[in-house]
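A.B. asks: Pasting target10.tsv below, which is TSV, C-alpha atoms and all ligand atoms.
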```tsv
chain	number	residue	atom	x	y	z
K	1	MET	CA	13.72	-9.14	10.26
K	2	CYS	CA	16.31	-7.53	12.49
K	3	GLY	CA	19.86	-7.04	11.30
K	4	THR	CA	22.47	-4.44	10.55
K	5	LEU	CA	23.10	-2.91	7.17
K	6	SER	CA	26.48	-2.09	5.71
K	7	TYR	CA	27.32	1.48	4.71
K	8	LEU	CA	26.76	0.65	1.03
K	9	GLU	CA	23.43	-1.00	1.75
K	10	ARG	CA	22.33	2.04	3.75
K	11	GLU	CA	23.38	4.35	0.91
K	12	ALA	CA	21.50	2.22	-1.63
K	13	LEU	CA	18.37	2.19	0.53
K	14	GLU	CA	18.53	5.94	1.07
K	15	ASP	CA	18.85	6.45	-2.66
K	16	TYR	CA	15.96	4.08	-3.27
K	17	TYR	CA	13.65	5.87	-0.80
K	18	GLN	CA	14.50	9.27	-2.23
K	19	ARG	CA	13.73	8.20	-5.80
K	20	ASN	CA	10.75	6.15	-4.65
K	21	ARG	CA	9.22	9.24	-3.08
K	22	GLU	CA	9.82	11.30	-6.22
K	23	VAL	CA	7.97	8.70	-8.30
K	24	ILE	CA	5.13	8.51	-5.77
K	25	ILE	CA	4.66	12.29	-5.59
K	26	ASN	CA	4.71	12.54	-9.38
K	27	LEU	CA	2.18	9.73	-9.59
K	28	ALA	CA	0.01	11.57	-7.05
K	29	LYS	CA	0.01	14.54	-9.44
K	30	VAL	CA	-0.91	12.38	-12.44
K	31	VAL	CA	-3.66	10.58	-10.53
K	32	SER	CA	-5.04	13.95	-9.32
K	33	LYS	CA	-5.34	15.06	-12.94
K	34	THR	CA	-6.82	11.73	-14.00
K	35	LEU	CA	-9.50	12.28	-11.35
K	36	GLY	CA	-10.23	15.67	-12.93
K	37	PHE	CA	-8.54	17.91	-10.35
K	38	GLU	CA	-5.54	20.20	-10.39
K	39	GLU	CA	-2.27	18.34	-9.97
K	40	ASN	CA	-1.79	19.17	-6.27
K	41	TYR	CA	-5.17	17.72	-5.25
K	42	LEU	CA	-3.87	14.56	-3.55
K	43	GLU	CA	-0.87	16.37	-2.07
K	44	LYS	CA	-3.24	18.87	-0.44
K	45	GLU	CA	-5.91	16.37	0.65
K	46	PHE	CA	-3.35	14.07	2.24
K	47	GLU	CA	-1.01	16.87	3.41
K	48	LEU	CA	1.90	15.09	1.81
K	49	GLU	CA	4.49	17.64	2.81
K	50	THR	CA	4.44	15.83	6.14
K	51	GLY	CA	3.22	12.49	4.76
K	52	ALA	CA	4.02	9.43	6.87
K	53	ASP	CA	5.72	6.67	4.89
K	54	VAL	CA	6.49	3.34	6.53
K	55	SER	CA	8.59	0.63	4.95
K	56	ALA	CA	8.99	-3.07	5.70
K	57	MET	CA	11.65	-5.43	4.46
K	58	ASN	CA	10.19	-8.90	4.18
K	59	VAL	CA	12.16	-12.10	3.84
K	60	TYR	CA	10.32	-15.26	2.81
K	61	PRO	CA	11.90	-18.72	2.88
K	62	PRO	CA	11.76	-20.92	-0.22
K	63	GLY	CA	8.45	-22.76	-0.68
K	64	PHE	CA	8.45	-26.51	-0.30
K	65	LYS	CA	4.99	-27.11	-1.76
K	66	PRO	CA	4.39	-24.51	-4.49
K	67	ASN	CA	1.17	-22.47	-4.24
K	68	THR	CA	0.08	-23.85	-0.90
K	69	GLN	CA	2.11	-22.23	1.88
K	70	ILE	CA	1.19	-18.75	3.02
K	71	GLY	CA	4.04	-16.29	3.58
K	72	LEU	CA	1.83	-13.36	4.58
K	73	PRO	CA	-1.93	-13.74	5.17
K	74	ALA	CA	-4.53	-11.79	3.20
K	75	HIS	CA	-4.74	-8.12	4.17
K	76	TYR	CA	-5.18	-4.55	2.91
K	77	ASP	CA	-2.61	-1.78	3.27
K	78	PRO	CA	-3.33	1.63	4.76
K	79	GLY	CA	-2.08	4.83	3.10
K	80	TYR	CA	-2.84	6.29	-0.31
K	81	PHE	CA	-0.34	4.28	-2.40
K	82	GLY	CA	1.78	1.24	-1.64
K	83	SER	CA	5.01	0.46	-3.48
K	84	LEU	CA	7.02	-2.71	-3.74
K	85	ILE	CA	10.27	-4.12	-5.10
K	86	GLN	CA	11.33	-7.75	-4.95
K	87	ASN	CA	14.44	-9.80	-5.73
K	88	VAL	CA	12.61	-12.66	-7.43
K	89	ASN	CA	9.38	-12.86	-9.41
K	90	GLY	CA	6.45	-14.66	-7.80
K	91	GLY	CA	4.78	-14.73	-4.42
K	92	LEU	CA	2.53	-11.68	-4.24
K	93	GLN	CA	-1.10	-12.36	-5.10
K	94	LEU	CA	-3.89	-9.80	-5.50
K	95	ASN	CA	-7.52	-10.64	-4.95
K	96	TYR	CA	-9.71	-9.73	-7.90
K	97	LYS	CA	-13.39	-10.76	-8.07
K	98	GLN	CA	-12.86	-13.38	-5.32
K	99	LYS	CA	-9.91	-14.96	-7.14
K	100	TRP	CA	-6.20	-14.82	-6.34
K	101	ILE	CA	-4.18	-13.42	-9.24
K	102	ASN	CA	-0.37	-13.85	-9.30
K	103	LEU	CA	1.54	-10.62	-9.71
K	104	ASP	CA	3.90	-11.24	-12.61
K	105	MET	CA	6.63	-8.68	-12.12
K	106	PRO	CA	10.30	-8.96	-13.10
K	107	SER	CA	12.75	-8.40	-10.28
K	108	ASN	CA	13.91	-5.05	-11.75
K	109	ALA	CA	10.38	-3.60	-11.78
K	110	PHE	CA	8.62	-1.34	-9.30
K	111	PHE	CA	5.00	-2.04	-8.33
K	112	ILE	CA	2.54	0.58	-7.04
K	113	LYS	CA	-0.96	-0.10	-5.81
K	114	ILE	CA	-3.83	1.87	-4.29
K	115	GLY	CA	-4.05	2.00	-0.48
K	116	ASP	CA	-7.08	2.10	1.85
K	117	HIS	CA	-7.05	5.87	2.28
K	118	ALA	CA	-7.21	6.55	-1.47
K	119	GLU	CA	-10.27	4.26	-1.47
K	120	VAL	CA	-11.81	6.34	1.35
K	121	LEU	CA	-11.05	9.71	-0.28
K	122	THR	CA	-12.50	8.60	-3.64
K	123	ASN	CA	-15.51	7.04	-1.85
K	124	GLY	CA	-14.70	3.67	-3.41
K	125	LYS	CA	-13.99	4.85	-6.96
K	126	TYR	CA	-10.47	3.50	-6.50
K	127	LYS	CA	-10.17	0.21	-4.62
K	128	SER	CA	-7.43	-0.91	-2.29
K	129	PRO	CA	-6.73	-4.53	-3.31
K	130	MET	CA	-6.67	-7.35	-0.78
K	131	HIS	CA	-3.37	-9.18	-1.16
K	132	ARG	CA	-1.28	-11.96	0.33
K	133	VAL	CA	2.05	-13.66	-0.21
K	134	ILE	CA	2.51	-17.34	-0.94
K	135	LEU	CA	5.83	-19.16	-0.74
K	136	ASN	CA	6.25	-19.96	-4.38
K	137	ASN	CA	9.95	-19.78	-5.13
K	138	GLU	CA	12.87	-22.14	-4.92
K	139	VAL	CA	14.99	-19.33	-3.55
K	140	ARG	CA	14.54	-16.94	-0.65
K	141	ARG	CA	12.39	-13.96	-1.64
K	142	ILE	CA	13.09	-10.48	-0.30
K	143	SER	CA	10.69	-7.59	-0.78
K	144	VAL	CA	10.72	-3.96	0.28
K	145	ALA	CA	7.12	-2.80	0.75
K	146	THR	CA	6.37	0.84	1.52
K	147	VAL	CA	3.08	2.29	2.72
K	148	HIS	CA	2.84	5.91	1.55
K	149	GLY	CA	0.56	7.63	4.02
K	150	PRO	CA	-1.06	11.01	4.57
K	151	SER	CA	0.24	13.19	7.36
K	152	LEU	CA	-0.56	11.49	10.68
K	153	ASP	CA	-2.92	14.35	11.64
K	154	THR	CA	-4.87	14.39	8.37
K	155	PHE	CA	-8.59	13.74	8.68
K	156	VAL	CA	-9.36	11.44	5.74
K	157	LYS	CA	-12.97	11.20	4.61
K	158	PRO	CA	-14.76	10.70	1.29
K	159	GLY	CA	-14.14	13.89	-0.73
K	160	PRO	CA	-17.31	15.94	-1.37
K	161	GLU	CA	-16.59	15.59	-5.10
K	162	PHE	CA	-17.14	11.82	-4.79
K	163	VAL	CA	-20.33	12.00	-2.74
K	164	GLY	CA	-23.77	12.62	-4.16
K	165	GLU	CA	-27.36	11.40	-4.07
K	166	SER	CA	-26.48	8.25	-5.96
K	167	HIS	CA	-23.14	7.93	-4.10
K	168	PRO	CA	-23.73	8.31	-0.36
K	169	PRO	CA	-20.57	8.25	1.78
K	170	ALA	CA	-19.45	4.63	2.03
K	171	TYR	CA	-16.73	5.25	4.64
K	172	ARG	CA	-16.49	7.27	7.79
K	173	GLY	CA	-13.81	9.88	8.20
K	174	MET	CA	-10.97	9.37	10.66
K	175	ILE	CA	-7.65	10.97	11.50
K	176	TYR	CA	-4.99	8.89	9.76
K	177	LYS	CA	-3.11	8.22	12.99
K	178	ASP	CA	-6.32	7.09	14.71
K	179	SER	CA	-7.15	4.70	11.90
K	180	LEU	CA	-3.69	3.14	12.24
K	181	GLU	CA	-4.08	2.98	16.00
K	182	ALA	CA	-7.57	1.46	15.74
K	183	ASN	CA	-5.88	-1.26	13.79
K	184	GLY	CA	-3.12	-1.68	16.36
K	185	TYR	CA	-0.61	-0.38	13.74
K	186	HIS	CA	-0.98	-3.81	12.23
K	187	GLU	CA	-2.55	-4.42	8.87
K	188	ILE	CA	-2.49	-8.19	9.02
K	189	ASP	CA	-5.19	-9.17	11.48
K	190	GLY	CA	-8.29	-9.57	9.35
K	191	LYS	CA	-9.60	-6.24	10.71
K	192	SER	CA	-7.84	-3.88	8.36
K	193	CYS	CA	-8.30	-0.13	8.34
K	194	ILE	CA	-10.70	-0.33	5.46
K	195	ALA	CA	-13.04	-2.80	7.17
K	196	GLN	CA	-13.29	-0.46	10.14
K	197	LEU	CA	-13.93	2.58	8.02
K	198	ARG	CA	-16.68	1.07	5.85
K	199	LEU	CA	-20.16	2.32	6.74
K	201	LIG	O1	6.17	-9.07	0.28
K	201	LIG	C1	5.25	-8.69	-0.45
K	201	LIG	O2	5.18	-8.93	-1.64
K	201	LIG	C2	4.12	-7.88	0.11
K	201	LIG	C3	4.33	-7.41	1.51
K	201	LIG	C4	3.11	-6.72	2.04
K	201	LIG	O3	2.03	-6.87	1.55
K	201	LIG	C5	3.23	-5.82	3.19
K	201	LIG	O4	4.34	-5.71	3.76
K	201	LIG	O5	2.22	-5.20	3.53
K	202	FE	FE	0.60	-5.43	2.25
```
Go through the file and emit its structure as structure tokens.
C.D. replies:
Amino acid sequence: MCGTLSYLEREALEDYYQRNREVIINLAKVVSKTLGFEENYLEKEFELETGADVSAMNVYPPGFKPNTQIGLPAHYDPGYFGSLIQNVNGGLQLNYKQKWINLDMPSNAFFIKIGDHAEVLTNGKYKSPMHRVILNNEVRRISVATVHGPSLDTFVKPGPEFVGESHPPAYRGMIYKDSLEANGYHEIDGKSCIAQLRL
């Protein structure tokens, strides 16, 4: 959507992105520890000091036939984490064991999921979920979705700690920027980053 933002809207968004990033970096520390590493593991692996975050504001019209109309086709997101806020509950679906599951999230909540490049680094231990949006609301839905990415120059490959005789590398390594480029900087074309990186 193209449009101009008022001063207050710009301030609110700036504030949101600043706090969003704090939460994401703190989560990266917690996840590093959960994986059994020191807390800066993900920050170092993904060179997050110069991490490349990209945000999209999505506006979906009301749905006329609930659960049937697609607002955003099935895709995976690049990056290590993805975060999302929305003004109205309903619409985002995650694919789990070949079934679409509705994300039930109040409009004041903040949703974070795993991205393709965390799947690559952990050699598939963590999975980037396929997701889509259906038009499921009587009112217009607005979401702010942010892809939190490594530095554009970071070479992301399965970490040696996740590779072994019983776990051969399941993904090939690629510079983050190249993996975005290989995908035409577009995640929604059925040929997501992750499909191209799988061996
Ligand atoms: O609007 C949503 O709930 C999700 C948007 C999304 O998946 C994306 O922008 O990549
Ligand atoms: Fe997405």
A.B. asks: Closest to ligand LIG 201 (chain K) among K:Asn67, K:Gln86, K:Ser128, K:Asn40, using all atoms listed in the file?
C.D. replies: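 The shortest atom-to-atom distance to ligand LIG 201 (chain K) comes from K:Gln86.
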A.B. asks: How would you write, as a ChimeraX atom specification, the set of residues no farther than 9 Å from ligand FE 202 (chain K) when counting only C-alpha atoms and all ligand atoms?
C.D. replies: /K:72,74-78,82,130-133,145-147,187-188
A.B. asks: Excluding K:Glu49 and any residue of its chain fewer than 6 positions from it, enumerate the residues within 10 Å of it, using only C-alpha atoms, and give them as a PyMOL selection string.
C.D. replies: chain K and resi 25+43+150-151
A.B. asks: Mind listing as a list in words all residues within 10 Å of (-11.5, 5.1, -5.1), counting all atoms listed in the file?
C.D. replies: Leu35, Tyr80, Ile114, Gly115, Asp116, His117, Ala118, Glu119, Val120, Leu121, Thr122, Asn123, Gly124, Lys125, Tyr126, Lys127, Ser128, Pro158 and Phe162 of chain K
A.B. asks: Any chance you could export the current selection's C-alpha atoms as a tab-separated table (two decimals), keeping the file's coordinate frame?
C.D. replies:
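Final output, saved to part-v7.tsv:
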```tsv
chain	number	residue	atom	x	y	z
K	35	LEU	CA	-9.50	12.28	-11.35
K	80	TYR	CA	-2.84	6.29	-0.31
K	114	ILE	CA	-3.83	1.87	-4.29
K	115	GLY	CA	-4.05	2.00	-0.48
K	116	ASP	CA	-7.08	2.10	1.85
K	117	HIS	CA	-7.05	5.87	2.28
K	118	ALA	CA	-7.21	6.55	-1.47
K	119	GLU	CA	-10.27	4.26	-1.47
K	120	VAL	CA	-11.81	6.34	1.35
K	121	LEU	CA	-11.05	9.71	-0.28
K	122	THR	CA	-12.50	8.60	-3.64
K	123	ASN	CA	-15.51	7.04	-1.85
K	124	GLY	CA	-14.70	3.67	-3.41
K	125	LYS	CA	-13.99	4.85	-6.96
K	126	TYR	CA	-10.47	3.50	-6.50
K	127	LYS	CA	-10.17	0.21	-4.62
K	128	SER	CA	-7.43	-0.91	-2.29
K	158	PRO	CA	-14.76	10.70	1.29
K	162	PHE	CA	-17.14	11.82	-4.79
```
A.B. asks: Please identify all polymer residues within 7 Å of K:Gln69, counting only C-alpha atoms, omitting same-chain residues fewer than 6 positions from it, and present them as a ChimeraX atom specification.
C.D. replies: /K:63,134-135
A.B. asks: Rounded to one decimal place, report the atom CA of K:Met105-atom CA of K:Phe46 distance in Å.
C.D. replies: 28.7 Å
A.B. asks: Using all atoms listed in the file, give me every residue within 8 Å of (-19.4, 7.7, 3.1) in file coordinates, as a list in words.
C.D. replies: Val120, Asn123, Lys157, Pro158, Val163, Pro168, Pro169, Ala170, Tyr171, Arg172, Gly173, Arg198 and Leu199 of chain K
A.B. asks: Would you kindly return, as a list in words, each protein, DNA or RNA residue with an atom no farther than 12 Å from any atom of K:Phe37, considering all atoms listed in the file and excluding same-chain residues fewer than 5 positions away?
C.D. replies: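 Surrounding residues, per the criterion: Ala28, Lys29, Val30, Val31, Ser32, Leu42, Glu43, Lys44, Glu45, Gly159, Glu161 and Phe162 of chain K.
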A.B. asks: Rounded to one decimal place, report the atom CA of K:Ile101-atom CA of K:Asn20 distance in Å.
C.D. replies: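 Computed distance, atom CA of K:Ile101 to atom CA of K:Asn20, equals 25.0 Å.
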A.B. asks: From the set K:Leu180, K:Ala195, K:Leu84, K:Val139, which residue has the shortest atom-to-atom contact distance to ligand LIG 201 (chain K), counting all atoms listed in the file?
C.D. replies: K:Leu84
A.B. asks: Of the candidates K:Lys97, K:Lys113, K:His167, K:His148, which one gets nearest to K:Glu47 if we count only C-alpha atoms?
C.D. replies: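 Selected residue with least distance to K:Glu47: K:His148.
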A.B. asks: From the options K:Glu39, K:Phe111, K:Lys99, K:Lys65, which residue's atoms come nearest to K:Val23, counting all atoms listed in the file?
C.D. replies: K:Phe111
A.B. asks: If you take every atom of ligand LIG 201 (chain K) that the file lists and fit an axis-aligned box around them with 3 Å extra on each side, what centre and edge lengths come out in Å to one decimal, as JSON?
C.D. replies:
```
{"center_x": 4.1, "center_y": -7.1, "center_z": 1.1, "size_x": 10.1, "size_y": 9.9, "size_z": 11.4}
```
A.B. asks: Using only C-alpha atoms, which residues sit within 9 Å of K:Ala182 once same-chain residues fewer than 3 positions away are excluded, as a PyMOL selection string?
C.D. replies: chain K and resi 177-179+185+193+196
A.B. asks: Compare K:Met174, K:Ala109, K:Ala56, K:Ile24 by their minimum atom-to-atom distance to ligand LIG 201 (chain K), counting all atoms listed in the file, and give me the closest one.
C.D. replies: K:Ala56
A.B. asks: Select, from K:Pro129, K:Ile175, K:Asp104, K:Asn58, the residue with the minimum atom-to-atom distance to ligand LIG 201 (chain K), counting only C-alpha atoms and all ligand atoms.
C.D. replies: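 Residue with the minimum atom-to-atom distance to ligand LIG 201 (chain K): K:Asn58.
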A.B. asks: What is the distance, in Å and to one decimal place, between atom CA of K:Gly90 and atom CA of K:Asn136?
C.D. replies: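 We find that atom CA of K:Gly90 and atom CA of K:Asn136 lie 6.3 Å from each other.
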